[in-house]
Structures are given as C-alpha cells and as structure tokens.
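Everything below belongs to run-v8.cif, which stores mmCIF, C-alpha atoms and all ligand atoms.
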data_upload
#
loop_
_atom_site.label_atom_id
_atom_site.label_comp_id
_atom_site.auth_asym_id
_atom_site.auth_seq_id
_atom_site.Cartn_x
_atom_site.Cartn_y
_atom_site.Cartn_z
CA MET A 18 21.01 -5.80 -13.59
CA LEU A 19 23.37 -5.11 -10.67
CA LYS A 20 24.31 -7.86 -8.25
CA PHE A 21 22.37 -7.51 -4.99
CA ASN A 22 24.79 -5.93 -2.54
CA ILE A 23 23.24 -4.79 0.73
CA GLN A 24 26.06 -2.46 1.66
CA ASN A 25 25.80 -0.65 -1.68
CA ILE A 26 22.04 -0.51 -1.33
CA ARG A 27 22.32 1.02 2.14
CA LYS A 28 24.61 3.70 0.71
CA ASP A 29 21.79 4.71 -1.65
CA PHE A 30 19.57 5.78 1.29
CA PRO A 31 20.95 8.94 2.91
CA ALA A 32 18.47 8.95 5.80
CA LEU A 33 19.80 5.59 7.03
CA HIS A 34 23.11 7.12 7.98
CA GLN A 35 22.24 9.15 11.03
CA GLU A 36 22.36 8.73 14.76
CA ILE A 37 19.30 8.92 16.99
CA TYR A 38 20.11 9.82 20.60
CA GLY A 39 23.72 8.94 19.83
CA LYS A 40 22.84 5.47 18.50
CA PRO A 41 22.92 4.38 14.86
CA LEU A 42 19.43 4.44 13.40
CA VAL A 43 17.75 1.05 13.00
CA TYR A 44 14.77 1.90 10.82
CA LEU A 45 12.04 -0.72 11.22
CA ASP A 46 9.01 1.34 10.21
CA SER A 47 8.92 0.84 6.45
CA ALA A 48 5.27 -0.27 6.50
CA ALA A 49 4.43 3.28 7.63
CA THR A 50 6.72 4.81 5.05
CA THR A 51 9.97 3.74 3.42
CA LEU A 52 13.14 5.79 3.30
CA LYS A 53 13.98 7.20 -0.12
CA PRO A 54 17.01 6.41 -2.27
CA GLN A 55 19.09 9.32 -3.54
CA VAL A 56 17.94 8.72 -7.14
CA VAL A 57 14.35 9.47 -6.09
CA ILE A 58 15.36 12.62 -4.22
CA ASP A 59 17.40 13.70 -7.27
CA ALA A 60 14.53 13.01 -9.69
CA ILE A 61 12.21 15.34 -7.77
CA SER A 62 14.88 17.98 -7.40
CA ASN A 63 15.77 17.76 -11.11
CA TYR A 64 12.16 18.26 -12.11
CA TYR A 65 11.86 21.43 -10.05
CA SER A 66 15.29 22.66 -11.21
CA THR A 67 14.66 22.10 -14.93
CA ILE A 68 11.35 21.20 -16.58
CA ASN A 69 9.09 22.53 -13.79
CA SER A 70 5.88 23.23 -15.65
CA ASN A 71 2.21 22.36 -15.73
CA VAL A 72 1.19 19.41 -17.89
CA HIS A 73 -1.24 18.76 -20.75
CA ARG A 74 -2.03 22.43 -21.28
CA GLY A 75 1.01 24.36 -22.42
CA VAL A 76 2.38 24.71 -25.94
CA HIS A 77 5.74 25.81 -24.63
CA TYR A 78 8.82 23.61 -24.51
CA LEU A 79 8.95 23.03 -20.75
CA SER A 80 5.30 22.10 -20.55
CA GLN A 81 5.76 19.54 -23.29
CA GLN A 82 8.81 18.11 -21.54
CA ALA A 83 6.92 17.91 -18.24
CA THR A 84 3.94 16.27 -19.98
CA ASP A 85 6.22 13.69 -21.59
CA ALA A 86 7.93 12.96 -18.26
CA PHE A 87 4.59 12.64 -16.45
CA GLU A 88 3.12 10.32 -19.09
CA ASN A 89 6.36 8.28 -19.18
CA ALA A 90 5.97 7.81 -15.43
CA ARG A 91 2.44 6.52 -16.01
CA ASN A 92 3.76 4.12 -18.61
CA THR A 93 6.45 2.85 -16.24
CA VAL A 94 3.79 2.16 -13.60
CA LYS A 95 1.68 0.40 -16.23
CA ASP A 96 4.59 -1.89 -17.16
CA PHE A 97 5.51 -2.43 -13.50
CA MET A 98 2.00 -3.75 -12.73
CA ASN A 99 1.50 -5.21 -16.20
CA ALA A 100 -1.72 -3.27 -16.73
CA GLY A 101 -3.32 -3.64 -20.15
CA ALA A 102 -3.03 0.07 -21.01
CA SER A 103 -1.67 3.25 -19.43
CA LYS A 104 -5.19 4.72 -19.39
CA GLU A 105 -5.95 2.17 -16.66
CA ILE A 106 -3.41 3.88 -14.38
CA ILE A 107 -4.86 6.82 -12.43
CA PHE A 108 -2.50 8.92 -10.34
CA THR A 109 -3.83 9.77 -6.89
CA LYS A 110 -2.38 11.04 -3.60
CA GLY A 111 -2.06 7.50 -2.27
CA THR A 112 -3.93 4.35 -1.36
CA THR A 113 -6.43 6.24 0.80
CA GLU A 114 -7.45 8.50 -2.05
CA SER A 115 -7.52 5.58 -4.49
CA ILE A 116 -9.94 3.64 -2.29
CA ASN A 117 -12.10 6.71 -1.68
CA LEU A 118 -12.25 7.23 -5.43
CA ILE A 119 -13.44 3.69 -6.05
CA ALA A 120 -15.85 3.59 -3.12
CA PHE A 121 -17.57 6.85 -4.01
CA SER A 122 -17.44 6.62 -7.80
CA PHE A 123 -18.15 2.90 -8.16
CA GLY A 124 -20.57 3.17 -5.24
CA LYS A 125 -22.47 6.06 -6.78
CA LYS A 126 -23.15 4.05 -9.92
CA PHE A 127 -23.32 0.45 -8.77
CA ILE A 128 -24.30 0.29 -5.09
CA GLY A 129 -27.96 0.70 -4.17
CA LYS A 130 -30.33 0.15 -1.28
CA ASN A 131 -29.92 -3.23 0.45
CA ASP A 132 -26.83 -4.07 -1.60
CA GLU A 133 -23.74 -5.46 0.09
CA VAL A 134 -20.02 -4.76 0.16
CA ILE A 135 -17.55 -7.29 1.59
CA VAL A 136 -14.27 -6.38 3.32
CA SER A 137 -12.17 -8.45 5.71
CA ALA A 138 -11.67 -8.29 9.48
CA ILE A 139 -8.02 -7.25 9.13
CA GLU A 140 -8.27 -4.18 6.93
CA HIS A 141 -6.60 -0.79 7.37
CA HIS A 142 -9.14 1.93 8.21
CA ALA A 143 -8.62 3.22 4.65
CA ASN A 144 -10.29 0.06 3.36
CA ILE A 145 -13.15 0.19 5.85
CA VAL A 146 -14.34 3.75 6.35
CA PRO A 147 -14.93 4.77 2.69
CA TRP A 148 -17.05 1.63 2.19
CA GLN A 149 -18.87 2.21 5.46
CA MET A 150 -19.73 5.75 4.34
CA ILE A 151 -20.98 4.82 0.89
CA CYS A 152 -23.00 1.96 2.41
CA GLU A 153 -24.56 4.39 4.90
CA GLU A 154 -25.35 6.85 2.12
CA LYS A 155 -26.94 4.20 -0.07
CA GLY A 156 -28.65 2.10 2.60
CA ALA A 157 -26.33 -0.80 1.79
CA ARG A 158 -24.62 -3.22 4.18
CA LEU A 159 -20.95 -3.82 4.96
CA LYS A 160 -20.12 -7.50 5.56
CA VAL A 161 -16.89 -8.71 7.09
CA ILE A 162 -14.86 -11.85 6.29
CA PRO A 163 -13.79 -13.30 9.64
CA VAL A 164 -10.26 -14.50 10.41
CA ASN A 165 -9.03 -17.48 12.43
CA GLU A 166 -6.76 -17.30 15.50
CA ASN A 167 -3.75 -16.84 13.23
CA GLY A 168 -5.32 -13.87 11.49
CA GLU A 169 -5.94 -15.81 8.27
CA LEU A 170 -9.15 -15.19 6.32
CA ILE A 171 -11.68 -18.02 6.64
CA ILE A 172 -12.53 -18.67 3.02
CA ASP A 173 -15.53 -20.92 3.75
CA GLU A 174 -17.07 -18.06 5.70
CA PHE A 175 -16.30 -15.66 2.86
CA GLU A 176 -18.23 -17.88 0.46
CA LYS A 177 -21.20 -17.87 2.82
CA LEU A 178 -21.20 -14.05 2.89
CA ILE A 179 -21.63 -13.76 -0.87
CA SER A 180 -25.16 -13.14 -2.10
CA ASP A 181 -26.85 -11.77 -5.19
CA LYS A 182 -26.72 -8.40 -3.41
CA THR A 183 -22.90 -8.34 -3.22
CA LYS A 184 -21.62 -5.53 -5.41
CA ILE A 185 -17.88 -5.52 -4.63
CA VAL A 186 -15.26 -7.30 -2.50
CA SER A 187 -12.36 -5.23 -1.18
CA VAL A 188 -9.44 -6.81 0.68
CA ALA A 189 -5.81 -6.12 1.48
CA HIS A 190 -3.07 -7.93 -0.39
CA ILE A 191 -0.89 -7.92 2.76
CA SER A 192 -2.25 -6.74 6.11
CA ASN A 193 -0.35 -3.77 7.54
CA SER A 194 -1.12 -4.73 11.13
CA LEU A 195 -0.29 -8.46 11.00
CA GLY A 196 1.81 -8.90 7.87
CA ILE A 197 -0.54 -11.68 6.69
CA ARG A 198 -0.62 -12.22 2.94
CA ASN A 199 -4.25 -12.85 2.05
CA PRO A 200 -5.19 -15.53 -0.54
CA ILE A 201 -6.20 -12.84 -3.04
CA GLU A 202 -6.10 -15.22 -6.02
CA GLU A 203 -8.73 -17.42 -4.38
CA ILE A 204 -10.83 -14.43 -3.35
CA ILE A 205 -10.76 -13.08 -6.90
CA GLU A 206 -11.65 -16.47 -8.38
CA ILE A 207 -14.57 -17.04 -6.02
CA SER A 208 -15.85 -13.48 -6.47
CA HIS A 209 -15.62 -13.61 -10.24
CA LYS A 210 -17.48 -16.93 -10.33
CA ASN A 211 -20.28 -14.98 -8.69
CA GLY A 212 -19.91 -12.03 -11.07
CA ILE A 213 -18.51 -9.72 -8.37
CA PRO A 214 -15.59 -7.31 -8.98
CA VAL A 215 -12.65 -7.23 -6.54
CA MET A 216 -10.52 -4.38 -5.27
CA ILE A 217 -7.11 -5.16 -3.81
CA ASP A 218 -5.53 -2.76 -1.33
CA GLY A 219 -1.91 -3.23 -2.32
CA ALA A 220 -0.33 -0.63 -0.03
CA GLN A 221 1.82 -3.33 1.60
CA GLY A 222 1.56 -6.00 -1.09
CA ILE A 223 3.27 -4.46 -4.09
CA VAL A 224 6.31 -3.73 -1.93
CA HIS A 225 7.13 -7.37 -1.24
CA GLU A 226 6.08 -9.28 -4.33
CA LYS A 227 5.63 -8.88 -8.06
CA VAL A 228 2.15 -7.75 -8.99
CA ASP A 229 0.73 -8.60 -12.39
CA VAL A 230 -2.79 -7.19 -12.47
CA GLN A 231 -3.70 -9.03 -15.66
CA GLU A 232 -2.62 -12.37 -14.26
CA LEU A 233 -4.36 -11.64 -10.94
CA ASP A 234 -7.38 -10.48 -12.92
CA CYS A 235 -8.34 -8.09 -10.09
CA ASP A 236 -10.69 -5.28 -11.09
CA PHE A 237 -8.90 -2.60 -9.06
CA TYR A 238 -5.51 -2.45 -7.34
CA CYS A 239 -4.29 0.50 -5.23
CA PHE A 240 -0.97 1.46 -3.73
CA SER A 241 0.98 4.40 -2.27
CA GLY A 242 4.28 5.59 -3.71
CA HIS A 243 5.76 6.42 -0.32
CA LYS A 244 5.67 2.80 0.81
CA LEU A 245 7.58 1.80 -2.33
CA TYR A 246 10.63 4.10 -1.82
CA ALA A 247 8.91 6.91 -3.76
CA PRO A 248 7.73 10.31 -2.50
CA MET A 249 4.74 11.00 -0.33
CA GLY A 250 1.70 12.46 -2.07
CA ILE A 251 1.67 10.15 -5.08
CA GLY A 252 -0.30 6.95 -5.39
CA VAL A 253 -1.89 4.73 -7.97
CA LEU A 254 -5.28 3.35 -8.75
CA TYR A 255 -5.28 0.62 -11.37
CA GLY A 256 -8.74 -0.14 -12.70
CA LYS A 257 -9.95 -2.27 -15.57
CA GLU A 258 -10.93 0.01 -18.40
CA LYS A 259 -14.46 -1.43 -18.56
CA TRP A 260 -15.14 -0.30 -14.98
CA LEU A 261 -13.37 3.05 -15.21
CA ASN A 262 -15.34 3.89 -18.34
CA GLU A 263 -18.62 3.26 -16.59
CA MET A 264 -17.74 5.02 -13.33
CA PRO A 265 -18.60 8.71 -12.89
CA PRO A 266 -15.84 11.26 -12.08
CA TYR A 267 -14.80 11.44 -8.43
CA GLN A 268 -13.67 15.06 -8.36
CA THR A 269 -14.45 17.74 -10.92
CA GLY A 270 -12.75 20.85 -12.29
CA GLY A 271 -9.91 21.37 -14.76
CA GLU A 272 -8.19 18.53 -16.67
CA MET A 273 -11.08 16.08 -16.27
CA ILE A 274 -13.38 17.82 -18.73
CA GLN A 275 -13.77 17.68 -22.49
CA SER A 276 -16.00 20.72 -22.81
CA VAL A 277 -17.77 23.02 -20.40
CA THR A 278 -20.73 25.31 -20.95
CA PHE A 279 -23.11 26.63 -18.33
CA GLU A 280 -25.68 24.19 -19.67
CA LYS A 281 -23.58 21.03 -19.79
CA THR A 282 -20.14 19.56 -19.16
CA THR A 283 -18.71 16.53 -20.92
CA PHE A 284 -15.86 14.55 -19.43
CA ASN A 285 -12.35 13.82 -20.64
CA LYS A 286 -11.27 10.33 -21.66
CA LEU A 287 -9.36 7.97 -19.36
CA PRO A 288 -7.23 8.40 -17.34
CA PHE A 289 -7.80 12.18 -17.18
CA LYS A 290 -11.48 11.81 -16.25
CA PHE A 291 -10.26 10.84 -12.79
CA GLU A 292 -7.42 13.37 -12.46
CA ALA A 293 -9.10 16.70 -11.77
CA GLY A 294 -6.80 19.68 -11.26
CA THR A 295 -3.03 19.97 -11.53
CA PRO A 296 -1.51 16.55 -10.88
CA ASN A 297 1.52 15.82 -8.71
CA VAL A 298 3.98 15.75 -11.60
CA ALA A 299 7.21 15.85 -9.59
CA ASP A 300 6.25 12.94 -7.37
CA ALA A 301 4.97 10.85 -10.28
CA ILE A 302 8.45 11.29 -11.76
CA GLY A 303 9.84 10.34 -8.32
CA LEU A 304 7.70 7.19 -8.36
CA GLU A 305 9.09 6.27 -11.76
CA ALA A 306 12.62 6.75 -10.40
CA ALA A 307 11.82 4.44 -7.47
CA ILE A 308 10.47 1.73 -9.78
CA ASN A 309 13.51 2.04 -12.07
CA TYR A 310 15.77 1.84 -9.02
CA LEU A 311 14.13 -1.37 -7.76
CA GLN A 312 14.20 -2.90 -11.23
CA SER A 313 17.86 -2.03 -11.68
CA ILE A 314 18.62 -4.10 -8.57
CA GLY A 315 16.26 -6.90 -9.64
CA LEU A 316 12.87 -7.50 -8.08
CA GLU A 317 13.37 -11.22 -7.53
CA GLU A 318 16.71 -10.58 -5.83
CA ILE A 319 15.06 -8.04 -3.55
CA TYR A 320 12.17 -10.33 -2.59
CA LYS A 321 14.59 -13.20 -1.92
CA TYR A 322 16.80 -11.03 0.28
CA GLU A 323 13.83 -9.61 2.20
CA LYS A 324 12.48 -13.11 2.81
CA GLY A 325 15.78 -14.08 4.42
CA VAL A 326 15.77 -11.08 6.77
CA PHE A 327 12.09 -11.60 7.56
CA GLY A 328 12.58 -15.30 8.37
CA CYS A 329 15.53 -14.44 10.60
CA ALA A 330 13.51 -11.73 12.40
CA THR A 331 10.55 -14.08 12.96
CA LYS A 332 12.80 -16.78 14.40
CA LYS A 333 14.83 -14.50 16.66
CA LEU A 334 11.85 -12.59 17.98
CA SER A 335 9.97 -15.84 18.70
CA GLU A 336 12.84 -16.94 20.92
CA ILE A 337 12.44 -13.97 23.31
CA PRO A 338 10.69 -15.13 26.50
CA GLY A 339 7.25 -13.57 26.92
CA MET A 340 7.04 -12.76 23.19
CA GLU A 341 3.52 -12.83 21.73
CA ILE A 342 3.52 -12.56 17.94
CA LEU A 343 0.16 -11.66 16.45
CA GLY A 344 -0.66 -13.49 13.23
CA ASN A 345 1.25 -16.77 13.44
CA SER A 346 0.86 -17.65 9.80
CA SER A 347 3.34 -18.96 7.26
CA PHE A 348 1.86 -16.55 4.70
CA LYS A 349 3.51 -13.35 5.83
CA ALA A 350 5.81 -10.62 4.59
CA GLY A 351 7.26 -7.32 5.68
CA VAL A 352 5.56 -6.89 9.06
CA ILE A 353 5.91 -8.52 12.47
CA SER A 354 3.39 -7.37 15.06
CA PHE A 355 3.99 -8.40 18.65
CA ASN A 356 3.66 -7.71 22.34
CA LEU A 357 5.91 -8.44 25.27
CA GLU A 358 4.05 -9.98 28.17
CA ASN A 359 2.94 -7.38 30.74
CA ILE A 360 4.63 -4.48 28.92
CA HIS A 361 2.59 -1.75 27.25
CA PRO A 362 3.56 -1.40 23.57
CA TYR A 363 3.92 2.35 23.93
CA ASP A 364 6.40 1.94 26.81
CA ALA A 365 8.40 -0.56 24.78
CA GLY A 366 8.33 1.70 21.70
CA THR A 367 9.58 4.68 23.70
CA ILE A 368 12.54 2.74 25.09
CA LEU A 369 13.33 1.26 21.67
CA ASP A 370 13.37 4.79 20.26
CA ARG A 371 15.93 5.87 22.87
CA LEU A 372 18.06 2.96 21.71
CA GLY A 373 17.89 4.15 18.10
CA VAL A 374 15.32 1.55 16.99
CA ALA A 375 12.35 3.04 15.10
CA VAL A 376 9.24 0.87 15.31
CA ARG A 377 5.58 1.75 15.36
CA THR A 378 3.26 1.10 18.28
CA GLY A 379 -0.51 1.33 18.57
CA ASN A 380 -3.39 -0.04 16.53
CA HIS A 381 -1.75 0.67 13.15
CA CYS A 382 -4.95 2.22 11.76
CA ALA A 383 -6.57 -1.17 12.14
CA GLN A 384 -8.69 -0.91 15.26
CA PRO A 385 -11.07 -3.74 14.25
CA THR A 386 -8.05 -6.05 13.88
CA MET A 387 -6.96 -5.24 17.41
CA ASP A 388 -10.56 -5.74 18.62
CA ARG A 389 -10.61 -9.15 16.97
CA PHE A 390 -7.66 -10.21 19.12
CA GLY A 391 -8.89 -8.41 22.24
CA ILE A 392 -5.92 -6.06 22.51
CA HIS A 393 -5.39 -2.31 22.20
CA GLY A 394 -2.24 -2.36 20.16
CA THR A 395 1.06 -3.97 19.29
CA ILE A 396 4.68 -3.14 18.63
CA ARG A 397 5.24 -3.40 14.88
CA ALA A 398 8.60 -3.97 13.27
CA SER A 399 8.42 -3.63 9.51
CA PHE A 400 11.17 -4.21 7.01
CA GLY A 401 12.48 -2.73 3.80
CA ILE A 402 15.11 -3.46 1.19
CA TYR A 403 17.83 -1.87 3.37
CA ASN A 404 17.39 -3.85 6.61
CA THR A 405 19.99 -6.39 7.68
CA LYS A 406 20.24 -9.40 9.98
CA GLU A 407 22.61 -7.32 12.15
CA GLU A 408 19.76 -4.87 12.67
CA ILE A 409 17.54 -7.76 13.79
CA ASP A 410 20.15 -8.52 16.46
CA LEU A 411 20.05 -4.86 17.54
CA LEU A 412 16.25 -5.05 17.76
CA VAL A 413 16.42 -8.24 19.82
CA GLY A 414 19.06 -6.70 22.12
CA ALA A 415 16.92 -3.59 22.58
CA LEU A 416 13.83 -5.69 23.37
CA LEU A 417 15.78 -7.64 25.97
CA LYS A 418 16.75 -4.30 27.55
CA VAL A 419 13.08 -3.27 27.57
CA LYS A 420 12.23 -6.52 29.37
CA GLU A 421 15.00 -5.92 31.87
CA MET A 422 13.72 -2.42 32.62
CA PHE A 423 10.09 -3.45 33.01
CA GLY A 424 10.72 -6.93 34.38
N1 LIG A 501 -3.93 0.25 3.27
C1 LIG A 501 -2.92 -0.34 3.91
C2 LIG A 501 -2.85 -1.84 3.94
C3 LIG A 501 -1.91 0.43 4.51
O1 LIG A 501 -0.89 -0.16 5.12
C4 LIG A 501 -2.02 1.84 4.43
C5 LIG A 501 -1.03 2.68 5.12
O2 LIG A 501 -0.41 2.28 6.08
C6 LIG A 501 -3.08 2.40 3.74
C7 LIG A 501 -4.03 1.58 3.17
C8 LIG A 501 -3.21 3.89 3.57
O3 LIG A 501 -2.12 4.35 2.83
P1 LIG A 501 -1.86 5.92 2.67
O4 LIG A 501 -1.86 6.50 4.05
O5 LIG A 501 -0.53 5.99 2.01
O6 LIG A 501 -2.95 6.46 1.83
#
structure tokens encoding of this file:
Amino acid sequence: MLKFNIQNIRKDFPALHQEIYGKPLVYLDSAATTLKPQVVIDAISNYYSTINSNVHRGVHYLSQQATDAFENARNTVKDFMNAGASKEIIFTKGTTESINLIAFSFGKKFIGKNDEVIVSAIEHHANIVPWQMICEEKGARLKVIPVNENGELIIDEFEKLISDKTKIVSVAHISNSLGIRNPIEEIIEISHKNGIPVMIDGAQGIVHEKVDVQELDCDFYCFSGHKLYAPMGIGVLYGKEKWLNEMPPYQTGGEMIQSVTFEKTTFNKLPFKFEAGTPNVADAIGLEAAINYLQSIGLEEIYKYEKGVFGCATKKLSEIPGMEILGNSSFKAGVISFNLENIHPYDAGTILDRLGVAVRTGNHCAQPTMDRFGIHGTIRASFGIYNTKEEIDLLVGALLKVKEMFG
C-alpha cells in the first residue's frame, strides 16, 4: 500500500490539470461523475489496442483473453463488495439500469395487485420512477418514508408504513441531493424482521465507505462505475443468489440463453441470465482498474482524508453569511447542498463556473426532495479523492464574490 499523498494522487488525474476561463479548475461535481485516473484510461485503451474481442463465444486466443479479463473484473468487484459469489455480480450500464432491472424483474414475479413498495422521500429519480411504473402496472402502491427537517429518515414512521403487503424496501445509501447517509443497517434489520427484502441504491454510498454486502445483509446493492473513478456505461447490480435465481430475465437475446428453439427457450445460469447481448467488456476492465487503483492507495486512508476535507468544507461554508445548508445532519458524506439567501442557484453556479469552480445546480434528479423542503433547487458541491482544503478556500472565495455581485 502506498502512503496517501494528495499531490501524487492529483497527478494521477489528467483532467484536473486544466484551466477553465483562464482559472485553474476546481472540480466539485464528483457526485455527478468523478474524474478518471490515468490507469483507468490506460486500461480501456489497452483493451482496445490488444485483446479487443467478444466474450464467452469465441474459441480464438483473443476471445479467451477478453473473457478472462472480463470475468476477472467481475471477481474483483465481488471481492470489493464481499459478495458471496461472482455469479451474484451482474454488470449493467449503471445504477439506473440496475434499479430498472430489479424493479421490473423482481416486480414481475413478486409484486401483485394491492401490494406495496417502500422508498424514501430523498431518493434520486432512478430509485423512484422504476418502482412507480411497476406499481402502476401491477396495481400496487408506492409508500414513502418521510424525513425530518434535517433530511434524516424518520424510522418510527418507516415502521408504521410496513404491512403484510410490503414486497420490497428500496433506499439510498447516501442521498445525492443532501449527502445524508441513511441508517441502512437499521432499515435492513427492521425489514428483514418483517420478511421483506431490501435494495440499497449505492451510487453515492460505495464511493465514501467500505461496503460489505454480506455483513450488511442487503438483498440487492447497485452502483455506477463512473461515480467510482471508472468509465461511464458500466455499473453493478449485486443480488443475493436466492433472489436472482427466482427472478425472470430483464432483457432477452444472445448470451442470456441456454437453448433456443421456436417452441421454447431456456435461460442461461447466473450471472449471464441477466446480461443479454454483448457486454461492456472494456469498461468492466476499466472498473477493475479503478478498484485496484483505490485499493493500492488504501480505502481507509481515502475515507479518512475525504472526511477531513468534507468537515473543513462544511465548517467554512457554514460561516458564510446568508448560507443555508440543506440537510444539517452529522451523518453525511461527499455532498454539500446549499443556497445563498436571495440568490438563484443557477445564477450562483454560472458565476462559479466563470471562476473555474465546477458545481452542480438544480434539483439533482431529486425533485421530491426539493419539494419536501419547499425549494426549486440548490447549489451542490461534491467531493472526490482529489479535492483539497485549498480548493475549499477557492470555493468560499468564489461564493463571496457571487454574494458581492448579487448583494
Ligand atoms: N442514485 C443515486 C443516489 C445517484 O446519485 C445517481 C446519479 O446521480 C443515480 C442513482 C443514477 O446513476 P446513473 O445515472 O449513473 O445510472
């Protein structure tokens, strides 16, 4: 393991070293997507320059090499999440596709008329709309765990929502719009006591803390590679084998079949049953490179460093007059969502951009969260492994300039 050295880490990310409107880039939009280290870019490029080939179907040398590399990547993800077996790791395009897969496949088999699905009030649209659609299709009902003024889930209310009609609970590990870390252990324990499976949307969670799916005992866990320093277009669905075995295929075609006749098709074993068509081999290899990169630095070191930067950002932003931070909880990571009194977030974001500071503004694909707090949107600063306390000072300076301009 290398010693954590922020300057060396920053050198690993080529996109960090550019100027925006003549100012050094301060990238504070990692919750939308992270920048990629050179090793990830090289891994993708190497695949296309050498073993580029389709997997699982060729007898030739390159195809076998590509198949080995693809399955090694699956194994690396399995170890990273501590899944029980690599067949419990399904490669998808990202969190959105993973949740759609579960909602429609699990829903097809296990959700019926008058059944209920529970999500929380602070979910990304990706963890609302697929459930809403399957509920509509089946005549089932979507129930919502409310949050308190700080954006924290009200567990007593969650317990009241559970009934013998509840078929699944699906909540975010960390909210992308507030940065709140939900008490997923408690949610899983309560749900399991009632015999209900739980899906965790880990798009933001797996980036900021170690995930051990066996210890968590969640039934499903989803994440996107591109938020974990890996390429876009690759994601993961972890599912317990017992569920995946019972769930019908989500998409159909090549790869996912065992045999096809015009009379009947039988399906492939896990994980291939859920991977119809040619998979995204290059980006799975890129995801493996990202995981290896993070592990070579040391996950605990990374989380500790990020916590320091996050604490510093929270403190310094809170000190700005007229600052309104959404989600004032001590259980937070990675994301600070805020507004400046009497300044539209979009106006602030545009000025910040001119000053080289990349943040996101708007509802962050979480319109119901904004509705809960009676606002249209926020400015969101989100942090990655490469951000520094000096960059927090640049953000604060830029926000003070915004205030000056609009004050
Ligand atoms: N869930 C959460 C909590 C997210 O933050 C995001 C993306 O921002 C998603 C789901 C959707 O991820 P993707 O667009 O990579 O599929």
key: Nearby polymer residues, ligand LIG 501 (chain A), at most 9 Å, only C-alpha atoms and all ligand atoms, as a ChimeraX atom specification   = /A:48-50,110-116,140-144,188-194,218-222,239-244,249-252,381-382
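Comparing A:Phe423, A:Phe400, A:Phe348, A:Phe97 by their smallest distance to Ser47 (chain A), the closest is A:Phe400 (using only C-alpha atoms).
Closest approach to Phe108 (chain A) from the set A:Ala90, A:Val326, A:Ile205, A:Ile360 is made by A:Ala90, with distances taken over all atoms listed in the file.
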Find the nearest atom pair between each residue of region 150-250 of chain A and region 255-267 of chain A for residues within 6 Å, count only C-alpha atoms, give distances in Å to one decimal, sort rows by chain and ascending number, and present the table as CSV.
residue,atom,partner,partner_atom,distance
A:Asp236,CA,A:Lys257,CA,5.4
A:Phe237,CA,A:Gly256,CA,4.4
A:Tyr238,CA,A:Tyr255,CA,5.1
ask   = Which protein, DNA or RNA residues are at most 12 Å from (-21.5, -12.0, -0.1) in the file's coordinates when you count all atoms listed in the file, listed as an MDAnalysis selection string?
value = chainID A and resid 132:137 158:162 172:187 204 207:209 211:215
Can you list, as an mmCIF file with C-alpha atoms, keeping the file's coordinate frame, every protein, DNA or RNA residue that comes within 10 Å of His393 (chain A) when you count only C-alpha atoms, leaving out same-chain residues fewer than 3 positions away?
data_model
loop_
_atom_site.group_PDB
_atom_site.id
_atom_site.type_symbol
_atom_site.label_atom_id
_atom_site.label_comp_id
_atom_site.auth_asym_id
_atom_site.auth_seq_id
_atom_site.Cartn_x
_atom_site.Cartn_y
_atom_site.Cartn_z
ATOM 1 C CA HIS A 361 2.590 -1.750 27.250
ATOM 2 C CA PRO A 362 3.560 -1.400 23.570
ATOM 3 C CA GLY A 379 -0.510 1.330 18.570
ATOM 4 C CA ASN A 380 -3.390 -0.040 16.530
ATOM 5 C CA GLN A 384 -8.690 -0.910 15.260
ATOM 6 C CA PRO A 385 -11.070 -3.740 14.250
ATOM 7 C CA THR A 386 -8.050 -6.050 13.880
ATOM 8 C CA MET A 387 -6.960 -5.240 17.410
ATOM 9 C CA ASP A 388 -10.560 -5.740 18.620
ATOM 10 C CA PHE A 390 -7.660 -10.210 19.120
#
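Rounded to one decimal, CA of Ile145 (chain A) and CA of Ser346 (chain A) lie 23.0 Å from each other.
Of the residues listed (A:Arg377, A:Arg91, A:Lys227, A:Lys286), A:Lys227 shows the shortest atom-to-atom separation from Tyr320 (chain A); distances use all atoms listed in the file.
Once region 289-302 of chain A and its same-chain neighbours fewer than 5 positions away are set aside, Ile61, Phe87, Ala90, Pro248, Ile251, Pro266, Gln268, Thr269, Gly270, Gly271, Glu272 and Met273 of chain A remain within 6 Å of it when counting all atoms listed in the file.
With all atoms listed in the file as the atoms that count, the minimum distance from Asp410 (chain A) to the choices A:Ser354, A:Ile342, A:Lys155, A:Val43 is reached by A:Val43.
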Residues near Ser70 (chain A), cut-off 9 Å, only C-alpha atoms, skip fewer than 6 positions along chain, as an MDAnalysis selection string = chainID A and resid 64 79:84 298
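Among the candidate residues A:Gly394, A:Pro288, A:Gly315, A:Gly424, the one lying nearest to Ile26 (chain A) is A:Gly315, with distances computed using all atoms listed in the file.
Considering only C-alpha atoms, the residue among A:Val164, A:Val72, A:Ile119, A:Ala32 positioned nearest to Met216 (chain A) is A:Ile119.
Atom to atom, CA of Pro338 (chain A) and CA of Gly414 (chain A) stand 12.7 Å apart.
Between CA of Phe21 (chain A) and CA of Ala375 (chain A) the separation is 24.8 Å.
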